[in-house]
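Structure file final38.csv (CSV, C-alpha atoms) is printed below.
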```
chain,number,residue,atom,x,y,z
A,1,MET,CA,-84.3,-65.9,-154.7
A,2,ARG,CA,-82.1,-65.5,-157.7
A,3,VAL,CA,-78.5,-66.8,-157.7
A,4,ARG,CA,-75.9,-64.0,-157.2
A,5,ILE,CA,-73.2,-63.5,-159.8
A,6,LYS,CA,-69.5,-62.9,-159.1
A,7,ILE,CA,-67.2,-62.0,-162.0
A,8,CYS,CA,-63.6,-62.7,-161.1
A,9,CYS,CA,-60.1,-61.7,-162.4
A,10,ILE,CA,-61.2,-58.1,-162.9
A,11,SER,CA,-58.2,-56.2,-164.2
A,12,SER,CA,-59.3,-52.5,-164.5
A,13,ILE,CA,-61.9,-50.0,-163.5
A,14,SER,CA,-63.4,-50.4,-167.0
A,15,GLU,CA,-63.7,-54.1,-166.7
A,16,ALA,CA,-65.3,-53.7,-163.3
A,17,PHE,CA,-68.0,-51.4,-164.7
A,18,THR,CA,-68.6,-53.7,-167.7
A,19,ALA,CA,-69.2,-56.6,-165.3
A,20,ILE,CA,-71.5,-54.5,-163.1
A,21,GLU,CA,-73.5,-53.2,-166.1
A,22,HIS,CA,-74.1,-56.8,-167.2
A,23,GLY,CA,-75.4,-57.8,-163.8
A,24,ALA,CA,-72.5,-58.7,-161.5
A,25,ASP,CA,-73.3,-58.5,-157.8
A,26,ALA,CA,-69.6,-58.9,-156.9
A,27,ILE,CA,-66.2,-58.7,-158.5
A,28,GLY,CA,-63.0,-60.6,-157.8
A,29,LEU,CA,-59.7,-58.8,-157.6
A,30,VAL,CA,-56.7,-61.2,-157.6
A,31,GLY,CA,-53.6,-60.5,-155.6
A,32,ARG,CA,-50.3,-62.2,-156.0
A,33,MET,CA,-50.7,-65.9,-156.6
A,34,PRO,CA,-48.3,-68.9,-157.2
A,35,SER,CA,-50.2,-69.7,-160.4
A,36,GLY,CA,-53.3,-68.9,-162.4
A,37,PRO,CA,-54.8,-65.9,-164.3
A,38,GLY,CA,-55.6,-62.4,-163.3
A,39,PRO,CA,-53.2,-61.1,-160.6
A,40,ILE,CA,-52.9,-57.4,-160.4
A,41,PRO,CA,-51.0,-55.0,-158.1
A,42,ASP,CA,-52.4,-54.2,-154.8
A,43,GLU,CA,-52.5,-50.5,-155.7
A,44,LEU,CA,-54.8,-51.3,-158.6
A,45,ILE,CA,-57.0,-53.5,-156.5
A,46,LYS,CA,-57.5,-50.5,-154.2
A,47,GLN,CA,-58.3,-48.2,-157.0
A,48,ILE,CA,-60.9,-50.5,-158.4
A,49,ALA,CA,-62.5,-51.2,-155.0
A,50,GLU,CA,-62.8,-47.5,-154.4
A,51,ALA,CA,-64.3,-46.8,-157.8
A,52,VAL,CA,-67.2,-49.3,-157.8
A,53,PRO,CA,-70.6,-48.6,-156.2
A,54,PRO,CA,-71.0,-49.5,-152.5
A,55,ALA,CA,-73.6,-52.1,-153.2
A,56,VAL,CA,-71.2,-54.2,-155.2
A,57,ALA,CA,-69.1,-56.7,-153.2
A,58,THR,CA,-65.4,-56.3,-153.9
A,59,PHE,CA,-63.4,-59.5,-153.2
A,60,LEU,CA,-59.7,-59.5,-152.5
A,61,LEU,CA,-58.3,-62.9,-153.5
A,62,THR,CA,-55.3,-63.5,-151.2
A,63,SER,CA,-52.9,-66.4,-151.1
A,64,GLU,CA,-51.6,-65.4,-147.7
A,65,THR,CA,-52.1,-68.1,-145.2
A,66,SER,CA,-51.5,-66.4,-141.8
A,67,ALA,CA,-54.2,-64.2,-140.3
A,68,SER,CA,-51.8,-61.4,-139.7
A,69,ALA,CA,-50.5,-61.4,-143.3
A,70,ILE,CA,-54.1,-61.5,-144.6
A,71,ILE,CA,-55.0,-58.5,-142.5
A,72,GLU,CA,-51.9,-56.7,-143.8
A,73,HIS,CA,-52.8,-57.6,-147.4
A,74,HIS,CA,-56.3,-56.2,-146.9
A,75,SER,CA,-54.9,-52.9,-145.5
A,76,ARG,CA,-53.3,-52.3,-148.9
A,77,THR,CA,-56.5,-52.9,-150.9
A,78,CYS,CA,-59.5,-51.9,-148.7
A,79,THR,CA,-62.0,-54.3,-150.3
A,80,ASN,CA,-65.2,-55.2,-148.5
A,81,THR,CA,-64.6,-58.9,-148.7
A,82,ILE,CA,-61.6,-61.2,-148.3
A,83,GLN,CA,-61.4,-64.4,-150.3
A,84,ILE,CA,-58.9,-66.7,-148.7
A,85,VAL,CA,-57.8,-69.1,-151.5
A,86,ASP,CA,-55.6,-71.4,-149.3
A,87,LEU,CA,-56.1,-72.7,-145.8
A,88,LEU,CA,-55.0,-70.7,-142.7
A,89,SER,CA,-51.6,-71.9,-141.4
A,90,ALA,CA,-51.4,-69.4,-138.5
A,91,GLY,CA,-53.9,-67.4,-136.6
A,92,THR,CA,-57.7,-67.7,-136.7
A,93,TYR,CA,-60.7,-66.4,-138.5
A,94,SER,CA,-61.6,-64.7,-135.2
A,95,HIS,CA,-58.3,-62.8,-135.4
A,96,ILE,CA,-59.2,-61.5,-138.8
A,97,LYS,CA,-62.8,-60.6,-137.8
A,98,ASP,CA,-61.7,-58.8,-134.7
A,99,ALA,CA,-59.2,-56.7,-136.8
A,100,LEU,CA,-61.7,-56.1,-139.7
A,101,PRO,CA,-65.2,-56.3,-138.2
A,102,ALA,CA,-66.9,-54.8,-141.3
A,103,VAL,CA,-65.2,-57.1,-143.8
A,104,LYS,CA,-66.7,-60.4,-144.9
A,105,ILE,CA,-64.5,-63.6,-145.0
A,106,VAL,CA,-65.0,-66.1,-147.8
A,107,GLN,CA,-63.0,-69.3,-147.5
A,108,VAL,CA,-62.2,-71.2,-150.7
A,109,ILE,CA,-62.5,-75.0,-150.6
A,110,HIS,CA,-60.9,-76.9,-153.5
A,111,VAL,CA,-63.3,-79.7,-154.0
A,112,ILE,CA,-61.3,-82.9,-154.6
A,113,ASP,CA,-62.9,-85.7,-152.5
A,114,ALA,CA,-64.9,-86.6,-149.5
A,115,LYS,CA,-62.3,-85.0,-147.2
A,116,SER,CA,-63.0,-81.7,-149.0
A,117,VAL,CA,-66.7,-82.0,-148.0
A,118,GLU,CA,-65.8,-82.7,-144.3
A,119,LEU,CA,-63.4,-79.7,-144.2
A,120,ALA,CA,-65.9,-77.4,-145.9
A,121,ILE,CA,-68.7,-78.3,-143.4
A,122,LYS,CA,-66.3,-77.8,-140.5
A,123,LEU,CA,-65.1,-74.4,-141.7
A,124,SER,CA,-68.5,-73.2,-142.6
A,125,GLU,CA,-69.2,-72.5,-138.9
A,126,SER,CA,-66.4,-69.9,-138.8
A,127,VAL,CA,-66.7,-67.8,-142.0
A,128,ASP,CA,-69.3,-65.7,-143.8
A,129,ALA,CA,-69.3,-67.9,-147.0
A,130,LEU,CA,-67.6,-70.8,-148.7
A,131,LEU,CA,-66.4,-70.7,-152.3
A,132,LEU,CA,-66.1,-74.1,-154.0
A,133,ASP,CA,-63.4,-74.2,-156.6
A,134,SER,CA,-61.4,-76.7,-158.7
A,135,GLY,CA,-57.8,-76.0,-157.7
A,136,ASN,CA,-55.3,-78.3,-156.1
A,137,PRO,CA,-53.2,-76.8,-153.2
A,138,LYS,CA,-51.3,-80.1,-152.8
A,139,LEU,CA,-49.3,-79.6,-156.0
A,140,LYS,CA,-45.7,-78.4,-155.9
A,141,ILE,CA,-46.8,-75.2,-157.5
A,142,LYS,CA,-50.2,-74.7,-155.9
A,143,GLU,CA,-53.3,-74.3,-158.0
A,144,LEU,CA,-55.5,-71.9,-156.0
A,145,GLY,CA,-58.1,-71.0,-158.7
A,146,GLY,CA,-58.6,-70.0,-162.2
A,147,THR,CA,-58.1,-73.5,-163.6
A,148,GLY,CA,-61.1,-73.5,-166.0
A,149,ARG,CA,-61.9,-77.0,-164.7
A,150,ILE,CA,-65.2,-78.2,-163.2
A,151,HIS,CA,-65.2,-80.5,-160.2
A,152,ASP,CA,-67.7,-83.1,-159.0
A,153,TRP,CA,-70.9,-81.1,-158.4
A,154,LYS,CA,-72.3,-83.9,-156.3
A,155,LEU,CA,-69.7,-83.2,-153.7
A,156,SER,CA,-70.5,-79.5,-154.0
A,157,ARG,CA,-74.2,-80.2,-153.4
A,158,GLN,CA,-73.3,-82.2,-150.3
A,159,ILE,CA,-71.4,-79.1,-149.0
A,160,ARG,CA,-74.2,-76.8,-149.9
A,161,ASP,CA,-76.8,-79.0,-148.1
A,162,TYR,CA,-74.8,-79.1,-144.8
A,163,SER,CA,-73.0,-75.8,-144.9
A,164,LYS,CA,-73.7,-73.4,-142.0
A,165,CYS,CA,-73.1,-70.4,-144.4
A,166,PRO,CA,-73.9,-69.5,-148.0
A,167,VAL,CA,-72.0,-71.3,-150.8
A,168,PHE,CA,-70.5,-69.8,-154.0
A,169,LEU,CA,-69.8,-72.3,-156.8
A,170,ALA,CA,-66.8,-71.8,-159.1
A,171,GLY,CA,-64.6,-73.9,-161.4
A,172,GLY,CA,-65.0,-74.2,-165.1
A,173,LEU,CA,-68.4,-72.4,-165.4
A,174,ASN,CA,-69.5,-70.9,-168.7
A,175,SER,CA,-72.7,-70.0,-170.5
A,176,ASN,CA,-73.1,-73.6,-171.6
A,177,ASN,CA,-73.0,-75.3,-168.2
A,178,VAL,CA,-74.0,-72.6,-165.7
A,179,LYS,CA,-77.8,-73.4,-165.8
A,180,GLN,CA,-77.1,-77.1,-165.1
A,181,ALA,CA,-74.6,-76.2,-162.3
A,182,ILE,CA,-77.2,-74.0,-160.6
A,183,GLU,CA,-79.8,-76.7,-160.9
A,184,GLU,CA,-77.6,-79.4,-159.5
A,185,VAL,CA,-75.9,-77.5,-156.7
A,186,GLN,CA,-78.4,-74.8,-155.8
A,187,PRO,CA,-75.6,-72.4,-154.7
A,188,PHE,CA,-76.2,-68.9,-153.2
A,189,ALA,CA,-73.9,-67.5,-155.9
A,190,ILE,CA,-71.8,-68.5,-158.9
A,191,ASP,CA,-68.3,-67.3,-159.7
A,192,VAL,CA,-66.7,-67.1,-163.2
A,193,CYS,CA,-63.4,-66.0,-164.6
A,194,SER,CA,-62.2,-67.7,-167.8
A,195,GLY,CA,-65.7,-68.6,-168.9
A,196,VAL,CA,-66.5,-65.0,-169.8
A,197,ARG,CA,-63.1,-64.1,-171.3
A,198,THR,CA,-61.4,-64.3,-174.7
A,199,ASN,CA,-57.6,-64.1,-174.9
A,200,GLY,CA,-57.7,-63.0,-171.3
A,201,SER,CA,-60.0,-60.0,-171.8
A,202,LEU,CA,-63.6,-59.7,-170.6
A,203,ASP,CA,-65.9,-60.6,-173.5
A,204,LYS,CA,-69.2,-58.8,-173.5
A,205,ASN,CA,-70.9,-61.4,-175.6
A,206,LYS,CA,-69.8,-64.3,-173.4
A,207,LEU,CA,-70.7,-62.2,-170.3
A,208,SER,CA,-74.2,-61.5,-171.6
A,209,ALA,CA,-74.8,-65.1,-172.4
A,210,PHE,CA,-73.5,-66.3,-169.1
A,211,VAL,CA,-75.7,-63.9,-167.1
A,212,ALA,CA,-78.7,-64.7,-169.2
A,213,ASN,CA,-78.4,-68.4,-168.7
A,214,ALA,CA,-77.6,-68.0,-165.0
A,215,MET,CA,-80.9,-66.1,-164.6
A,216,ILE,CA,-83.0,-69.0,-166.1
A,217,GLN,CA,-84.6,-70.7,-163.1
```

Rewrite the structure of this file - the entire thing - as structure tokens.
Amino acid sequence: MRVRIKICCISSISEAFTAIEHGADAIGLVGRMPSGPGPIPDELIKQIAEAVPPAVATFLLTSETSASAIIEHHSRTCTNTIQIVDLLSAGTYSHIKDALPAVKIVQVIHVIDAKSVELAIKLSESVDALLLDSGNPKLKIKELGGTGRIHDWKLSRQIRDYSKCPVFLAGGLNSNNVKQAIEEVQPFAIDVCSGVRTNGSLDKNKLSAFVANAMIQ
């Protein structure tokens, strides 16, 4: 089964269709964040989500940390997937699922050390997928994605091997390293933002090269 491809930091309907035409199975739409690239207004996220074909997964990246605030954020965007980039501080995943039964929940794990592995395996029992990224939520200004850095793929492979749900791999991926990343981690899907962009804009040449190398199995 081929690895799925998610193109993140989509900023317009045009970019969404460019990503889809090049083979994206999912697109990421970034809400308000404390740092990092690609945030767009909720109104635009909703417009993009409504415009893309139904078979394409539309991910709302939310930095909200309470279940109720996440549900409210989703109500303004109407994506079919919620990507929670920080850890829940109030409420539960069940609370979100009960309120939004048709919406998939993807929890981001920022892979730093062995504790990240333990946390990921524990949370994998409660969500639809994990997304392994290279941020650092412990900083004064939290890094919650879009860093352009890779992390220790050996730790990601441990998570992948013991996770109870599918695993997305993110963090510093580009056309030069994506094949190796897939070979080492064997994720369900890969996720890229800066690796397919030039000066912040989606680069068709980089996108084509990334997808082509991701398809080499």

Excluding A:Leu60 and any residue of its chain fewer than 2 positions from it, enumerate the residues within 8 Å of it, using all atoms listed in the file, and give them as number ranges by chain. A: 28-31, 45, 58, 62, 74, 77, 79, 81-83

Please report the interatomic distance between atom CA of A:Ser116 and atom CA of A:Pro187 in Å with one decimal.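 Atom-to-atom, atom CA of A:Ser116 and atom CA of A:Pro187 are spaced 16.7 Å apart.
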
Step by step: start from the point (-74.8, -62.6, -160.4) in the file's coordinates, keep every protein, DNA or RNA residue that has an atom no farther than 7 Å from it, count all atoms listed in the file, and write the set as a PyMOL selection string. chain A and resi 3-6+23-25+189-190+211

Given the choices A:Ala19, A:Ala67, A:Lys206, A:Phe168, which gets closest to A:Asp86 if the distance is worked out from only C-alpha atoms?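 Result for the nearest residue to A:Asp86: A:Ala67.
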
Nearest candidate to A:Ala51 (options A:Glu15, A:Glu72, A:Glu64, A:Glu184; using all atoms listed in the file):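 Checking each candidate against A:Ala51, we get A:Glu15 as the closest.
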
My list of candidates is A:Val85, A:Cys8, A:Val52, A:Ile96. Which is closest to A:Ile71 when distances are computed with only C-alpha atoms?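 The shortest atom-to-atom distance to A:Ile71 comes from A:Ile96.
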
So which one's closest to A:Gly148, A:Pro166, A:Gly91, A:Gly171, A:Gly200? Using only C-alpha atoms, please.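 When distances to A:Gly148 are compared using only C-alpha atoms, the smallest one comes from A:Gly171.
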
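For the pair atom CA of A:Tyr93 and atom CA of A:Ser126, the interatomic distance is 6.7 Å.
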
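For the pair atom CA of A:Arg32 and atom CA of A:Ile10, the separation is 13.5 Å.
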
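Distance check against A:Ser66 using only C-alpha atoms: of A:Leu87, A:Cys9, A:Ala26, A:Ala120, the minimum falls on A:Leu87.
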
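Nearest-residue note for A:Leu119: choosing from A:Asn176, A:Ser163, A:Ser12, A:Thr92, the minimum distance belongs to A:Ser163, counting all atoms listed in the file.
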
Shell of 9 Å around A:Ile13, only C-alpha atoms, local chain residues under 4 positions omitted, as a short mmCIF file (atom, residue, chain, number, x, y, z; two decimals) with C-alpha atoms, keeping the file's coordinate frame:
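Everything below was put into selection_25.cif:
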```cif
data_model
loop_
_atom_site.label_atom_id
_atom_site.label_comp_id
_atom_site.auth_asym_id
_atom_site.auth_seq_id
_atom_site.Cartn_x
_atom_site.Cartn_y
_atom_site.Cartn_z
CA PHE A 17 -68.00 -51.40 -164.70
CA THR A 18 -68.60 -53.70 -167.70
CA LEU A 44 -54.80 -51.30 -158.60
CA GLN A 47 -58.30 -48.20 -157.00
CA ILE A 48 -60.90 -50.50 -158.40
CA ALA A 49 -62.50 -51.20 -155.00
CA ALA A 51 -64.30 -46.80 -157.80
CA VAL A 52 -67.20 -49.30 -157.80
#
```

Compile the contact shell of A:Val108 as a ChimeraX atom specification: residues with an atom at most 6 Å away, counting all atoms listed in the file, same-chain residues fewer than 6 positions apart removed. /A:84-85,130-132

Give me the residues near A:Val111 as a PyMOL selection string, where near means some atom within 8 Å (using all atoms listed in the file) and where sequence neighbours in that chain fewer than 4 positions away do not count. chain A and resi 116-117+132-135+151-152+155-156

May I have the selected residues written with C-alpha atoms, as a PDB file, in the coordinates of the input?
```pdb
ATOM      1  CA  SER A 116     -63.000 -81.700-149.000  1.00  0.00           C
ATOM      2  CA  VAL A 117     -66.700 -82.000-148.000  1.00  0.00           C
ATOM      3  CA  LEU A 132     -66.100 -74.100-154.000  1.00  0.00           C
ATOM      4  CA  ASP A 133     -63.400 -74.200-156.600  1.00  0.00           C
ATOM      5  CA  SER A 134     -61.400 -76.700-158.700  1.00  0.00           C
ATOM      6  CA  GLY A 135     -57.800 -76.000-157.700  1.00  0.00           C
ATOM      7  CA  HIS A 151     -65.200 -80.500-160.200  1.00  0.00           C
ATOM      8  CA  ASP A 152     -67.700 -83.100-159.000  1.00  0.00           C
ATOM      9  CA  LEU A 155     -69.700 -83.200-153.700  1.00  0.00           C
ATOM     10  CA  SER A 156     -70.500 -79.500-154.000  1.00  0.00           C
TER      11      SER A 156
END
```
